[in-house]
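Scroll down for the structure; my scribbles are underneath it.
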Amino acid sequence: MKKVVSLIIIIIGFFSVILLVSSVDKIRDELAARKPQKIRMVVLNGTSIDDLAAETADFLQKNGCDILQVGNATSSHKKTVILDRSNGDLKKARRIRHLLGVGEMAYEPDPTHIVGVTVILGEDYKPEQ
């Protein structure tokens, strides 16, 4: 009787592993099929470095961002500011901070719901060469 119970447990364990592996494969395939949504962005230069916003916008675009506007900030900034303009969970701002390597994040909603993130580059931002 013990051998039969042991055999049943082994068979159940075997099928459980097969089901788990097939579930993991299905989830992996679903995630691979999803394309990450592009973040619609405005990039502003808050420094005295010429073309910093344009160069940073090119870098961000190469990393999956949709650049809507590039320009100069109205004032200089010592620190880079990343404004999440979408829903307030700062998920998009975190992604941009990861790409840039710096940035203080804040939530500032965009009433038009067009811009996802606004970046104001500060003196602390050093683009990779």
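The way I read the labels, and the way they are meant: chains A, B, ... in the order of the structure tokens, residue 1 as the first residue of every chain, and ligand 1 as the first ligand shown, with later ones counted on from there.
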
- Message: Just list as a list of chain:residue names whatever in segment 69-119 of chain A DSSP marks as alpha helix (DSSP H).
- Response: A:Lys91, A:Lys92, A:Ala93, A:Arg94, A:Arg95, A:Ile96, A:Arg97, A:His98, A:Leu99, A:Leu100

- Item | Test item: residues at most 6 Å from segment 101-105 of chain A, only C-alpha atoms, excluding those fewer than 2 positions along its chain, as a list in words |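 Once the adjacent positions are removed, what remains is Thr80, Val81, Ile82, Leu83, Arg97, His98 and Leu99 of chain A.
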
- Query: Got a sec to tell me which of segment 46-88 of chain A DSSP assigns to strand (DSSP E), as a PyMOL selection string?
  - Reply: chain A and resi 65-72+81-84

- Would you kindly return, as an MDAnalysis selection string, each protein, DNA or RNA residue with an atom no farther than 12 Å from any atom of Asn45 of chain A, considering only C-alpha atoms and excluding same-chain residues fewer than 4 positions away? chainID A and resid 49:57 69:81 118:125

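For the atom pair formed by atom CA of Lys92 of chain A and atom CA of Ala106 of chain A, the distance is 10.9 Å, given to one decimal.
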
- For each of A:Ile8, A:Leu90, A:Met1, A:Leu44, take the minimum atom-to-atom distance to Pro109 of chain A, counting only C-alpha atoms, then give the residue where this is smallest.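 Selected residue with least distance to Pro109 of chain A: A:Leu90.
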
- Just how far from atom CA of His113 of chain A is atom CA of Gln61 of chain A, in Å to one decimal?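 Spanning atom CA of Gln61 of chain A to atom CA of His113 of chain A is a straight-line distance of 19.8 Å.
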